[in-house]
file query_4.cif (mmCIF, C-alpha atoms; chains and numbers go by the auth columns)
data_upload
#
loop_
_atom_site.group_PDB
_atom_site.id
_atom_site.type_symbol
_atom_site.label_atom_id
_atom_site.label_comp_id
_atom_site.label_asym_id
_atom_site.label_seq_id
_atom_site.Cartn_x
_atom_site.Cartn_y
_atom_site.Cartn_z
_atom_site.B_iso_or_equiv
_atom_site.auth_seq_id
_atom_site.auth_asym_id
ATOM 1 C CA THR A 1 79.789 123.208 56.681 0.00 306 A
ATOM 2 C CA LEU A 2 76.559 122.974 54.722 0.00 307 A
ATOM 3 C CA GLY A 3 77.170 126.338 53.075 0.00 308 A
ATOM 4 C CA LEU A 4 75.541 129.723 53.550 0.00 309 A
ATOM 5 C CA GLY A 5 74.695 130.528 49.948 0.00 310 A
ATOM 6 C CA ASP A 6 74.359 134.183 48.998 0.00 311 A
ATOM 7 C CA ASP A 7 72.546 135.288 52.155 0.00 312 A
ATOM 8 C CA LYS A 8 74.917 138.015 53.403 0.00 313 A
ATOM 9 C CA THR A 9 72.907 138.665 56.555 0.00 314 A
ATOM 10 C CA LEU A 10 73.042 134.994 57.523 0.00 315 A
ATOM 11 C CA SER A 11 76.732 134.783 56.644 0.00 316 A
ATOM 12 C CA ARG A 12 77.551 137.771 58.834 0.00 317 A
ATOM 13 C CA ALA A 13 75.576 136.417 61.771 0.00 318 A
ATOM 14 C CA VAL A 14 77.145 132.965 61.551 0.00 319 A
ATOM 15 C CA ARG A 15 80.684 134.362 61.342 0.00 320 A
ATOM 16 C CA TYR A 16 80.085 136.850 64.145 0.00 321 A
ATOM 17 C CA TYR A 17 78.560 134.391 66.612 0.00 322 A
ATOM 18 C CA THR A 18 81.070 131.695 65.723 0.00 323 A
ATOM 19 C CA GLY A 19 83.791 134.198 66.560 0.00 324 A
ATOM 20 C CA LEU A 20 82.133 135.034 69.877 0.00 325 A
ATOM 21 C CA LEU A 21 81.862 131.368 70.814 0.00 326 A
ATOM 22 C CA MET A 22 85.563 130.903 70.094 0.00 327 A
ATOM 23 C CA ILE A 23 86.378 133.965 72.198 0.00 328 A
ATOM 24 C CA ARG A 24 84.231 132.654 75.049 0.00 329 A
ATOM 25 C CA ARG A 25 86.142 129.364 75.164 0.00 330 A
ATOM 26 C CA GLY A 26 89.499 131.135 74.907 0.00 331 A
ATOM 27 C CA SER A 27 90.384 130.087 71.346 0.00 332 A
ATOM 28 C CA PHE A 28 91.489 133.596 70.423 0.00 333 A
ATOM 29 C CA GLY A 29 93.507 132.663 67.360 0.00 334 A
ATOM 30 C CA SER A 30 90.676 130.683 65.815 0.00 335 A
ATOM 31 C CA ALA A 31 88.352 133.576 66.577 0.00 336 A
ATOM 32 C CA LEU A 32 90.707 135.987 64.856 0.00 337 A
ATOM 33 C CA VAL A 33 90.818 133.856 61.721 0.00 338 A
ATOM 34 C CA THR A 34 87.020 134.041 61.646 0.00 339 A
ATOM 35 C CA LEU A 35 86.783 137.757 62.414 0.00 340 A
ATOM 36 C CA VAL A 36 89.378 138.794 59.840 0.00 341 A
ATOM 37 C CA THR A 37 86.699 138.161 57.223 0.00 342 A
ATOM 38 C CA PHE A 38 84.936 141.298 58.503 0.00 343 A
ATOM 39 C CA ALA A 39 88.012 143.356 57.672 0.00 344 A
ATOM 40 C CA LYS A 40 87.914 141.986 54.138 0.00 345 A
ATOM 41 C CA ASP A 41 84.308 143.186 53.924 0.00 346 A
ATOM 42 C CA HIS A 42 85.278 146.570 55.451 0.00 347 A
ATOM 43 C CA ASP A 43 82.663 145.892 58.110 0.00 348 A
ATOM 44 C CA ASP A 44 83.712 147.897 61.166 0.00 349 A
ATOM 45 C CA GLY A 45 80.468 148.101 63.084 0.00 350 A
ATOM 46 C CA GLN A 46 80.749 148.569 66.833 0.00 351 A
ATOM 47 C CA ASP A 47 79.874 144.916 67.470 0.00 352 A
ATOM 48 C CA VAL A 48 82.763 143.857 65.245 0.00 353 A
ATOM 49 C CA LEU A 49 85.164 146.297 66.922 0.00 354 A
ATOM 50 C CA VAL A 50 84.278 144.895 70.346 0.00 355 A
ATOM 51 C CA ALA A 51 84.821 141.341 69.114 0.00 356 A
ATOM 52 C CA PHE A 52 88.201 142.282 67.626 0.00 357 A
ATOM 53 C CA GLY A 53 89.168 143.982 70.870 0.00 358 A
ATOM 54 C CA LEU A 54 88.244 140.955 72.949 0.00 359 A
ATOM 55 C CA VAL A 55 90.391 138.772 70.680 0.00 360 A
ATOM 56 C CA MET A 56 93.469 140.972 70.691 0.00 361 A
ATOM 57 C CA LEU A 57 93.306 141.590 74.446 0.00 362 A
ATOM 58 C CA ARG A 58 92.594 137.893 75.024 0.00 363 A
ATOM 59 C CA VAL A 59 89.498 138.477 77.148 0.00 364 A
ATOM 60 C CA PRO A 60 87.340 135.304 77.213 0.00 365 A
ATOM 61 C CA VAL A 61 83.914 136.903 77.636 0.00 366 A
ATOM 62 C CA THR A 62 81.015 137.783 75.377 0.00 367 A
ATOM 63 C CA PRO A 63 80.195 141.457 74.759 0.00 368 A
ATOM 64 C CA GLU A 64 77.247 141.112 77.161 0.00 369 A
ATOM 65 C CA GLU A 65 79.581 139.889 79.905 0.00 370 A
ATOM 66 C CA LEU A 66 82.154 142.630 79.366 0.00 371 A
ATOM 67 C CA ASN A 67 82.656 144.993 82.291 0.00 372 A
ATOM 68 C CA PRO A 68 81.312 148.372 81.059 0.00 373 A
ATOM 69 C CA ALA A 69 84.377 150.071 82.518 0.00 374 A
ATOM 70 C CA LYS A 70 86.516 148.080 80.042 0.00 375 A
ATOM 71 C CA LYS A 71 84.479 148.908 76.943 0.00 376 A
ATOM 72 C CA ASP A 72 86.548 151.913 75.864 0.00 377 A
ATOM 73 C CA LEU A 73 89.764 149.870 76.134 0.00 378 A
ATOM 74 C CA VAL A 74 88.268 147.009 74.129 0.00 379 A
ATOM 75 C CA LEU A 75 86.843 149.310 71.460 0.00 380 A
ATOM 76 C CA ARG A 76 90.190 151.074 71.019 0.00 381 A
ATOM 77 C CA ALA A 77 92.013 147.763 70.701 0.00 382 A
ATOM 78 C CA GLY A 78 89.433 146.520 68.224 0.00 383 A
ATOM 79 C CA ARG A 79 89.651 149.673 66.111 0.00 384 A
ATOM 80 C CA ALA A 80 93.452 149.413 65.916 0.00 385 A
ATOM 81 C CA ALA A 81 93.274 145.718 65.039 0.00 386 A
ATOM 82 C CA ILE A 82 90.724 146.052 62.247 0.00 387 A
ATOM 83 C CA LEU A 83 92.669 148.957 60.720 0.00 388 A
ATOM 84 C CA ALA A 84 95.741 146.717 60.718 0.00 389 A
ATOM 85 C CA ALA A 85 93.736 143.865 59.199 0.00 390 A
ATOM 86 C CA GLU A 86 92.572 146.263 56.466 0.00 391 A
ATOM 87 C CA ARG A 87 96.244 147.193 55.908 0.00 392 A
ATOM 88 C CA ARG A 88 95.592 150.825 56.798 0.00 393 A
ATOM 89 C CA PHE A 89 98.892 150.913 58.628 0.00 394 A
ATOM 90 C CA PRO A 90 99.387 154.661 59.270 0.00 395 A
ATOM 91 C CA GLU A 91 95.942 154.836 60.862 0.00 396 A
ATOM 92 C CA ALA A 92 96.537 151.607 62.773 0.00 397 A
ATOM 93 C CA SER A 93 99.847 152.918 64.142 0.00 398 A
ATOM 94 C CA HIS A 94 98.097 156.086 65.305 0.00 399 A
ATOM 95 C CA GLU A 95 95.407 154.035 67.061 0.00 400 A
ATOM 96 C CA TYR A 96 97.994 151.834 68.771 0.00 401 A
ATOM 97 C CA SER A 97 99.880 154.918 69.984 0.00 402 A
ATOM 98 C CA SER A 98 96.640 156.293 71.380 0.00 403 A
ATOM 99 C CA LEU A 99 95.800 152.948 72.998 0.00 404 A
ATOM 100 C CA LEU A 100 99.207 152.668 74.673 0.00 405 A
ATOM 101 C CA ALA A 101 99.012 156.246 75.936 0.00 406 A
ATOM 102 C CA ALA A 102 95.550 155.737 77.413 0.00 407 A
ATOM 103 C CA TYR A 103 96.128 152.262 78.883 0.00 408 A
ATOM 104 C CA PRO A 104 99.871 151.762 79.430 0.00 409 A
ATOM 105 C CA THR A 105 99.465 149.104 82.125 0.00 410 A
ATOM 106 C CA ALA A 106 96.336 147.238 80.994 0.00 411 A
ATOM 107 C CA PRO A 107 96.797 143.481 80.438 0.00 412 A
ATOM 108 C CA ASN A 108 97.800 142.480 76.896 0.00 413 A
ATOM 109 C CA VAL A 109 97.977 146.019 75.496 0.00 414 A
ATOM 110 C CA HIS A 110 101.746 145.794 74.933 0.00 415 A
ATOM 111 C CA TYR A 111 101.265 142.203 73.777 0.00 416 A
ATOM 112 C CA ASP A 112 98.667 143.349 71.242 0.00 417 A
ATOM 113 C CA TYR A 113 101.027 146.037 69.972 0.00 418 A
ATOM 114 C CA GLY A 114 103.819 143.470 69.762 0.00 419 A
ATOM 115 C CA VAL A 115 101.670 141.233 67.574 0.00 420 A
ATOM 116 C CA TYR A 116 100.988 144.189 65.286 0.00 421 A
ATOM 117 C CA LEU A 117 104.694 144.975 65.014 0.00 422 A
ATOM 118 C CA TYR A 118 105.525 141.301 64.483 0.00 423 A
ATOM 119 C CA LEU A 119 103.097 141.067 61.589 0.00 424 A
ATOM 120 C CA GLY A 120 104.723 144.188 60.171 0.00 425 A
ATOM 121 C CA LYS A 121 108.130 142.486 60.493 0.00 426 A
ATOM 122 C CA ASP A 122 109.436 145.165 62.851 0.00 427 A
ATOM 123 C CA LEU A 123 110.965 142.472 65.013 0.00 428 A
ATOM 124 C CA GLU A 124 113.187 144.532 67.295 0.00 429 A
ATOM 125 C CA LYS A 125 110.323 146.838 68.277 0.00 430 A
ATOM 126 C CA ALA A 126 108.015 143.833 68.631 0.00 431 A
ATOM 127 C CA LEU A 127 110.490 142.174 70.989 0.00 432 A
ATOM 128 C CA LYS A 128 110.610 145.356 73.061 0.00 433 A
ATOM 129 C CA ALA A 129 106.801 145.388 73.270 0.00 434 A
ATOM 130 C CA PHE A 130 106.656 141.764 74.424 0.00 435 A
ATOM 131 C CA LYS A 131 109.317 142.492 77.049 0.00 436 A
ATOM 132 C CA GLN A 132 107.229 145.425 78.279 0.00 437 A
ATOM 133 C CA GLU A 133 104.215 143.125 78.550 0.00 438 A
ATOM 134 C CA LEU A 134 106.242 140.575 80.501 0.00 439 A
ATOM 135 C CA ALA A 135 107.569 143.230 82.862 0.00 440 A
ATOM 136 C CA LEU A 136 103.959 143.977 83.775 0.00 441 A
ATOM 137 C CA TYR A 137 102.553 140.450 83.519 0.00 442 A
ATOM 138 C CA PRO A 138 105.299 137.820 83.920 0.00 443 A
ATOM 139 C CA ASP A 139 102.908 134.889 83.445 0.00 444 A
ATOM 140 C CA ASN A 140 101.892 135.761 79.872 0.00 445 A
ATOM 141 C CA VAL A 141 102.774 132.546 78.033 0.00 446 A
ATOM 142 C CA ALA A 142 101.998 133.902 74.563 0.00 447 A
ATOM 143 C CA ALA A 143 104.318 136.879 75.105 0.00 448 A
ATOM 144 C CA TYR A 144 107.156 134.549 76.106 0.00 449 A
ATOM 145 C CA ILE A 145 106.520 132.445 73.005 0.00 450 A
ATOM 146 C CA TYR A 146 106.603 135.445 70.688 0.00 451 A
ATOM 147 C CA ALA A 147 109.729 136.816 72.346 0.00 452 A
ATOM 148 C CA GLY A 148 111.447 133.466 71.902 0.00 453 A
ATOM 149 C CA LEU A 149 110.277 133.205 68.309 0.00 454 A
ATOM 150 C CA ILE A 150 111.690 136.619 67.481 0.00 455 A
ATOM 151 C CA CYS A 151 115.023 135.695 69.061 0.00 456 A
ATOM 152 C CA LEU A 152 115.025 132.537 66.948 0.00 457 A
ATOM 153 C CA LYS A 153 114.398 134.586 63.807 0.00 458 A
ATOM 154 C CA ILE A 154 117.057 137.219 64.498 0.00 459 A
ATOM 155 C CA GLY A 155 119.710 134.811 65.732 0.00 460 A
ATOM 156 C CA ARG A 156 119.736 135.681 69.437 0.00 461 A
ATOM 157 C CA PHE A 157 119.455 132.050 70.449 0.00 462 A
ATOM 158 C CA THR A 158 120.762 132.225 74.007 0.00 463 A
ATOM 159 C CA GLU A 159 118.367 135.047 74.859 0.00 464 A
ATOM 160 C CA GLY A 160 115.565 133.121 73.197 0.00 465 A
ATOM 161 C CA LEU A 161 116.211 130.104 75.418 0.00 466 A
ATOM 162 C CA THR A 162 115.278 132.162 78.468 0.00 467 A
ATOM 163 C CA PHE A 163 111.876 133.024 77.003 0.00 468 A
ATOM 164 C CA ALA A 164 111.183 129.523 75.675 0.00 469 A
ATOM 165 C CA ARG A 165 112.114 127.826 78.939 0.00 470 A
ATOM 166 C CA LYS A 166 109.788 130.128 80.835 0.00 471 A
ATOM 167 C CA ALA A 167 106.952 129.399 78.391 0.00 472 A
ATOM 168 C CA VAL A 168 107.440 125.636 78.828 0.00 473 A
ATOM 169 C CA ALA A 169 107.582 125.990 82.603 0.00 474 A
ATOM 170 C CA LEU A 170 104.312 127.926 82.614 0.00 475 A
ATOM 171 C CA ASP A 171 102.548 125.666 80.106 0.00 476 A
ATOM 172 C CA PRO A 172 104.285 122.340 79.452 0.00 477 A
ATOM 173 C CA LYS A 173 101.335 121.199 77.318 0.00 478 A
ATOM 174 C CA SER A 174 101.911 123.985 74.812 0.00 479 A
ATOM 175 C CA TYR A 175 103.177 122.203 71.727 0.00 480 A
ATOM 176 C CA VAL A 176 104.572 125.380 70.213 0.00 481 A
ATOM 177 C CA ALA A 177 106.514 126.275 73.377 0.00 482 A
ATOM 178 C CA GLN A 178 108.050 122.791 73.389 0.00 483 A
ATOM 179 C CA TYR A 179 108.830 123.037 69.672 0.00 484 A
ATOM 180 C CA GLU A 180 110.363 126.480 70.032 0.00 485 A
ATOM 181 C CA LEU A 181 112.534 125.391 72.956 0.00 486 A
ATOM 182 C CA GLY A 182 113.674 122.366 70.957 0.00 487 A
ATOM 183 C CA GLN A 183 114.635 124.555 68.011 0.00 488 A
ATOM 184 C CA LEU A 184 116.584 126.959 70.205 0.00 489 A
ATOM 185 C CA LEU A 185 118.393 124.085 71.888 0.00 490 A
ATOM 186 C CA LEU A 186 119.373 122.795 68.456 0.00 491 A
ATOM 187 C CA LYS A 187 120.683 126.232 67.537 0.00 492 A
ATOM 188 C CA THR A 188 122.816 126.255 70.705 0.00 493 A
ATOM 189 C CA ASN A 189 124.274 122.785 70.015 0.00 494 A
ATOM 190 C CA GLN A 190 122.244 120.861 72.586 0.00 495 A
ATOM 191 C CA PRO A 191 120.633 118.216 70.340 0.00 496 A
ATOM 192 C CA LEU A 192 120.013 115.565 72.998 0.00 497 A
ATOM 193 C CA VAL A 193 117.974 117.916 75.184 0.00 498 A
ATOM 194 C CA ALA A 194 116.356 119.367 72.066 0.00 499 A
ATOM 195 C CA ILE A 195 115.091 115.915 71.072 0.00 500 A
ATOM 196 C CA GLN A 196 113.284 115.544 74.404 0.00 501 A
ATOM 197 C CA HIS A 197 111.291 118.720 73.838 0.00 502 A
ATOM 198 C CA LEU A 198 110.670 118.052 70.153 0.00 503 A
ATOM 199 C CA GLU A 199 109.354 114.575 70.969 0.00 504 A
ATOM 200 C CA THR A 200 107.037 116.166 73.526 0.00 505 A
ATOM 201 C CA ALA A 201 105.874 118.611 70.873 0.00 506 A
ATOM 202 C CA GLU A 202 105.256 115.734 68.483 0.00 507 A
ATOM 203 C CA GLY A 203 103.069 114.019 71.067 0.00 508 A
ATOM 204 C CA LEU A 204 101.035 117.202 71.493 0.00 509 A
ATOM 205 C CA SER A 205 100.699 117.884 67.744 0.00 510 A
ATOM 206 C CA THR A 206 101.184 114.619 65.865 0.00 511 A
ATOM 207 C CA ASN A 207 100.423 115.858 62.371 0.00 512 A
ATOM 208 C CA ASN A 208 102.654 118.933 62.318 0.00 513 A
ATOM 209 C CA GLU A 209 105.232 119.012 59.555 0.00 514 A
ATOM 210 C CA GLU A 210 107.391 121.619 61.328 0.00 515 A
ATOM 211 C CA VAL A 211 107.859 119.358 64.327 0.00 516 A
ATOM 212 C CA HIS A 212 108.678 116.291 62.209 0.00 517 A
ATOM 213 C CA TYR A 213 111.159 118.284 60.152 0.00 518 A
ATOM 214 C CA ALA A 214 112.895 119.549 63.287 0.00 519 A
ATOM 215 C CA LEU A 215 113.026 116.011 64.653 0.00 520 A
ATOM 216 C CA LEU A 216 114.573 114.544 61.513 0.00 521 A
ATOM 217 C CA ILE A 217 117.352 117.140 61.754 0.00 522 A
ATOM 218 C CA ALA A 218 117.859 116.535 65.476 0.00 523 A
ATOM 219 C CA TYR A 219 118.023 112.746 65.062 0.00 524 A
ATOM 220 C CA ALA A 220 120.491 113.124 62.214 0.00 525 A
ATOM 221 C CA ARG A 221 122.626 115.407 64.366 0.00 526 A
ATOM 222 C CA VAL A 222 123.091 112.663 66.988 0.00 527 A
ATOM 223 C CA GLY A 223 123.479 109.803 64.492 0.00 528 A
ATOM 224 C CA ARG A 224 120.041 108.201 64.904 0.00 529 A
ATOM 225 C CA LYS A 225 119.724 107.435 61.202 0.00 530 A
ATOM 226 C CA ALA A 226 116.674 105.170 61.364 0.00 531 A
ATOM 227 C CA ASP A 227 114.712 107.668 63.440 0.00 532 A
ATOM 228 C CA SER A 228 115.715 110.491 61.114 0.00 533 A
ATOM 229 C CA GLU A 229 114.590 108.519 58.069 0.00 534 A
ATOM 230 C CA ARG A 230 111.280 107.715 59.747 0.00 535 A
ATOM 231 C CA GLU A 231 110.642 111.402 60.468 0.00 536 A
ATOM 232 C CA GLN A 232 111.644 112.260 56.900 0.00 537 A
ATOM 233 C CA ALA A 233 109.030 109.824 55.582 0.00 538 A
ATOM 234 C CA ILE A 234 106.345 111.232 57.897 0.00 539 A
ATOM 235 C CA PHE A 235 107.277 114.775 56.890 0.00 540 A
ATOM 236 C CA GLN A 236 106.989 113.958 53.179 0.00 541 A
ATOM 237 C CA ASN A 237 103.674 112.138 53.642 0.00 542 A
ATOM 238 C CA ILE A 238 102.162 115.109 55.469 0.00 543 A
ATOM 239 C CA LYS A 239 103.273 117.476 52.714 0.00 544 A
ATOM 240 C CA LYS A 240 101.861 115.214 49.993 0.00 545 A
ATOM 241 C CA SER A 241 98.559 114.592 51.755 0.00 546 A
ATOM 242 C CA GLY A 242 97.965 118.225 52.660 0.00 547 A
ATOM 243 C CA THR A 243 96.864 117.206 56.152 0.00 548 A
ATOM 244 C CA PHE A 244 99.265 119.504 57.969 0.00 549 A
ATOM 245 C CA GLU A 245 97.700 120.908 61.119 0.00 550 A
ATOM 246 C CA ASN A 246 98.045 124.596 60.394 0.00 551 A
ATOM 247 C CA LYS A 247 98.994 125.531 63.929 0.00 552 A
ATOM 248 C CA GLY A 248 102.567 126.432 63.120 0.00 553 A
ATOM 249 C CA LEU A 249 104.379 129.691 63.569 0.00 554 A
ATOM 250 C CA GLY A 250 103.463 131.371 60.300 0.00 555 A
ATOM 251 C CA PHE A 251 100.434 133.411 61.357 0.00 556 A
ATOM 252 C CA ALA A 252 100.809 135.459 64.487 0.00 557 A
ATOM 253 C CA HIS A 253 98.039 135.251 67.092 0.00 558 A
ATOM 254 C CA ALA A 254 96.347 132.540 65.020 0.00 559 A
ATOM 255 C CA PRO A 255 95.301 129.036 66.123 0.00 560 A
ATOM 256 C CA GLU A 256 98.927 128.089 66.753 0.00 561 A
ATOM 257 C CA LEU A 257 99.135 130.340 69.799 0.00 562 A
ATOM 258 C CA ASP A 258 95.784 129.512 71.245 0.00 563 A
ATOM 259 C CA ASP A 259 94.549 126.027 70.516 0.00 564 A
ATOM 260 C CA MET A 260 98.015 124.829 71.560 0.00 565 A
ATOM 261 C CA SER A 261 97.636 125.996 75.143 0.00 566 A
ATOM 262 C CA SER A 262 96.086 124.066 77.981 0.00 567 A
ATOM 263 C CA THR A 263 95.729 127.239 80.032 0.00 568 A
ATOM 264 C CA ASN A 264 93.309 129.102 77.751 0.00 569 A
#
call {"tool": "encode", "arguments": {"input": "query_4.cif", "output": "structure tokens"}}
result
Amino acid sequence: TLGLGDDKTLSRAVRYYTGLLMIRRGSFGSALVTLVTFAKDHDDGQDVLVAFGLVMLRVPVTPEELNPAKKDLVLRAGRAAILAAERRFPEASHEYSSLLAAYPTAPNVHYDYGVYLYLGKDLEKALKAFKQELALYPDNVAAYIYAGLICLKIGRFTEGLTFARKAVALDPKSYVAQYELGQLLLKTNQPLVAIQHLETAEGLSTNNEEVHYALLIAYARVGRKADSEREQAIFQNIKKSGTFENKGLGFAHAPELDDMSSTN
């Protein structure tokens, strides 16, 4: 907050240890936002690769606490992730293929690959990866959320409802799961039930323009004009003030999928 000046050594240390603290508390998306700065600097030291791997595999430990038997897995995941962050996609794809071949049943490996594919807009393959993760680990809330989000994007709303409902059942305090379920219910012409989940999402993330926008549409759909106008006013005020809580669905594996969850 005070500023780091031009001291590159200090800047690196602050960013690195801030990232580790976020990892340790389970705020993986926030940690990723911090660690991505290393990719911009083309800094791929082993300490950075381990940190990236811990983020993408969602392992809430420090490097010192990491089980030595898991280090190769974490390093591979970190190497693939930083290559993707550097937009070296052919090399990243090769690393992900190698990672999946070496650790086909390790927790969050298919999830990690799904995030990579999602960012690359290969949505069908990403959905397949998230389904593979869920077949192995059926309590992975983030994988359900991504699967539902993809179904929302590609118009497979009924299928998406299955994923979103499971995410809400596993973590009812996840604002994004509630929001996603509300959106899918709207898409399947169930506005009254959608409003219940969107109002829950609003209570969990009060300053989120996406939620207010969805609510104004839902209220309008059922003829609640005053409520719709109120949400419209809130939506416009948030846009004008620039105070939108950037936890929405625009950046995969970012704060929106981590700080939202009570289970992390």
call {"tool": "resolve_selection", "arguments": {"input": "query_4.cif", "expression": "the PyMOL selection byres ((chain A and resi 377-385) around 9)", "output": "CSV table (one decimal) with C-alpha atoms, keeping the file's coordinate frame"}}
result
chain,number,residue,atom,x,y,z
A,349,ASP,CA,83.7,147.9,61.2
A,351,GLN,CA,80.7,148.6,66.8
A,353,VAL,CA,82.8,143.9,65.2
A,354,LEU,CA,85.2,146.3,66.9
A,355,VAL,CA,84.3,144.9,70.3
A,356,ALA,CA,84.8,141.3,69.1
A,357,PHE,CA,88.2,142.3,67.6
A,358,GLY,CA,89.2,144.0,70.9
A,359,LEU,CA,88.2,141.0,72.9
A,360,VAL,CA,90.4,138.8,70.7
A,361,MET,CA,93.5,141.0,70.7
A,362,LEU,CA,93.3,141.6,74.4
A,373,PRO,CA,81.3,148.4,81.1
A,374,ALA,CA,84.4,150.1,82.5
A,375,LYS,CA,86.5,148.1,80.0
A,376,LYS,CA,84.5,148.9,76.9
A,386,ALA,CA,93.3,145.7,65.0
A,387,ILE,CA,90.7,146.1,62.2
A,388,LEU,CA,92.7,149.0,60.7
A,389,ALA,CA,95.7,146.7,60.7
A,390,ALA,CA,93.7,143.9,59.2
A,396,GLU,CA,95.9,154.8,60.9
A,397,ALA,CA,96.5,151.6,62.8
A,398,SER,CA,99.8,152.9,64.1
A,399,HIS,CA,98.1,156.1,65.3
A,400,GLU,CA,95.4,154.0,67.1
A,401,TYR,CA,98.0,151.8,68.8
A,403,SER,CA,96.6,156.3,71.4
A,404,LEU,CA,95.8,152.9,73.0
A,407,ALA,CA,95.6,155.7,77.4
A,408,TYR,CA,96.1,152.3,78.9
A,411,ALA,CA,96.3,147.2,81.0
A,414,VAL,CA,98.0,146.0,75.5
A,417,ASP,CA,98.7,143.3,71.2
call {"tool": "resolve_selection", "arguments": {"input": "query_4.cif", "expression": "the PyMOL selection byres ((chain A and resi 428) around 10)", "output": "JSON, numbers by chain"}}
result
{"A": [419, 420, 422, 423, 424, 425, 426, 427, 429, 430, 431, 432, 433, 434, 452, 454, 455, 456, 458, 459]}
call {"tool": "atom_distance", "arguments": {"input": "query_4.cif", "atom1": "atom CA of Tyr416 of chain A", "atom2": "atom CA of Leu340 of chain A"}}
result
18.9 Å
call {"tool": "resolve_selection", "arguments": {"input": "query_4.cif", "expression": "the PyMOL selection byres ((chain A and resi 329) around 7)", "output": "PyMOL selection string"}}
result
chain A and resi 325-328+330-331+365-367
call {"tool": "residues_around", "arguments": {"input": "query_4.cif", "residues": "Ala525 of chain A", "least_positions_apart": "2", "cutoff": "12 Å", "atoms": "only C-alpha atoms", "output": "mmCIF file with C-alpha atoms, in the coordinates of the input"}}
result
data_model
loop_
_atom_site.group_PDB
_atom_site.id
_atom_site.type_symbol
_atom_site.label_atom_id
_atom_site.label_comp_id
_atom_site.auth_asym_id
_atom_site.auth_seq_id
_atom_site.Cartn_x
_atom_site.Cartn_y
_atom_site.Cartn_z
ATOM 1 C CA LEU A 491 119.373 122.795 68.456
ATOM 2 C CA PRO A 496 120.633 118.216 70.340
ATOM 3 C CA LEU A 497 120.013 115.565 72.998
ATOM 4 C CA ILE A 500 115.091 115.915 71.072
ATOM 5 C CA TYR A 518 111.159 118.284 60.152
ATOM 6 C CA ALA A 519 112.895 119.549 63.287
ATOM 7 C CA LEU A 520 113.026 116.011 64.653
ATOM 8 C CA LEU A 521 114.573 114.544 61.513
ATOM 9 C CA ILE A 522 117.352 117.140 61.754
ATOM 10 C CA ALA A 523 117.859 116.535 65.476
ATOM 11 C CA VAL A 527 123.091 112.663 66.988
ATOM 12 C CA GLY A 528 123.479 109.803 64.492
ATOM 13 C CA ARG A 529 120.041 108.201 64.904
ATOM 14 C CA LYS A 530 119.724 107.435 61.202
ATOM 15 C CA ALA A 531 116.674 105.170 61.364
ATOM 16 C CA ASP A 532 114.712 107.668 63.440
ATOM 17 C CA SER A 533 115.715 110.491 61.114
ATOM 18 C CA GLU A 534 114.590 108.519 58.069
ATOM 19 C CA ARG A 535 111.280 107.715 59.747
ATOM 20 C CA GLU A 536 110.642 111.402 60.468
ATOM 21 C CA GLN A 537 111.644 112.260 56.900
#
call {"tool": "atom_distance", "arguments": {"input": "query_4.cif", "atom1": "atom CA of Arg461 of chain A", "atom2": "atom CA of Phe540 of chain A"}}
result
27.4 Å
call {"tool": "atom_distance", "arguments": {"input": "query_4.cif", "atom1": "atom CA of Gly324 of chain A", "atom2": "atom CA of Val341 of chain A"}}
result
9.9 Å
call {"tool": "closest_residue", "arguments": {"input": "query_4.cif", "among": "A:Ala506, A:Ala499, A:Ala538, A:Ala440", "to": "Gln483 of chain A", "atoms": "only C-alpha atoms"}}
result
A:Ala506
call {"tool": "residues_near_point", "arguments": {"input": "query_4.cif", "point": "(115.0, 135.3, 79.1)", "cutoff": "12 Å", "atoms": "all atoms listed in the file", "output": "PyMOL selection string"}}
result
chain A and resi 432+435-436+439-440+443+448-454+456+461-472+486
call {"tool": "axis_aligned_box", "arguments": {"input": "query_4.cif", "around": "segment 365-375 of chain A", "padding_each_side": "6 Å", "output": "AutoDock Vina command-line options"}}
result
--center_x 82.3 --center_y 142.7 --center_z 78.6 --size_x 22.1 --size_y 26.8 --size_z 19.8
call {"tool": "closest_residue", "arguments": {"input": "query_4.cif", "among": "A:Tyr524, A:Phe394, A:Tyr484, A:Phe343", "to": "Ser316 of chain A", "atoms": "only C-alpha atoms"}}
result
A:Phe343
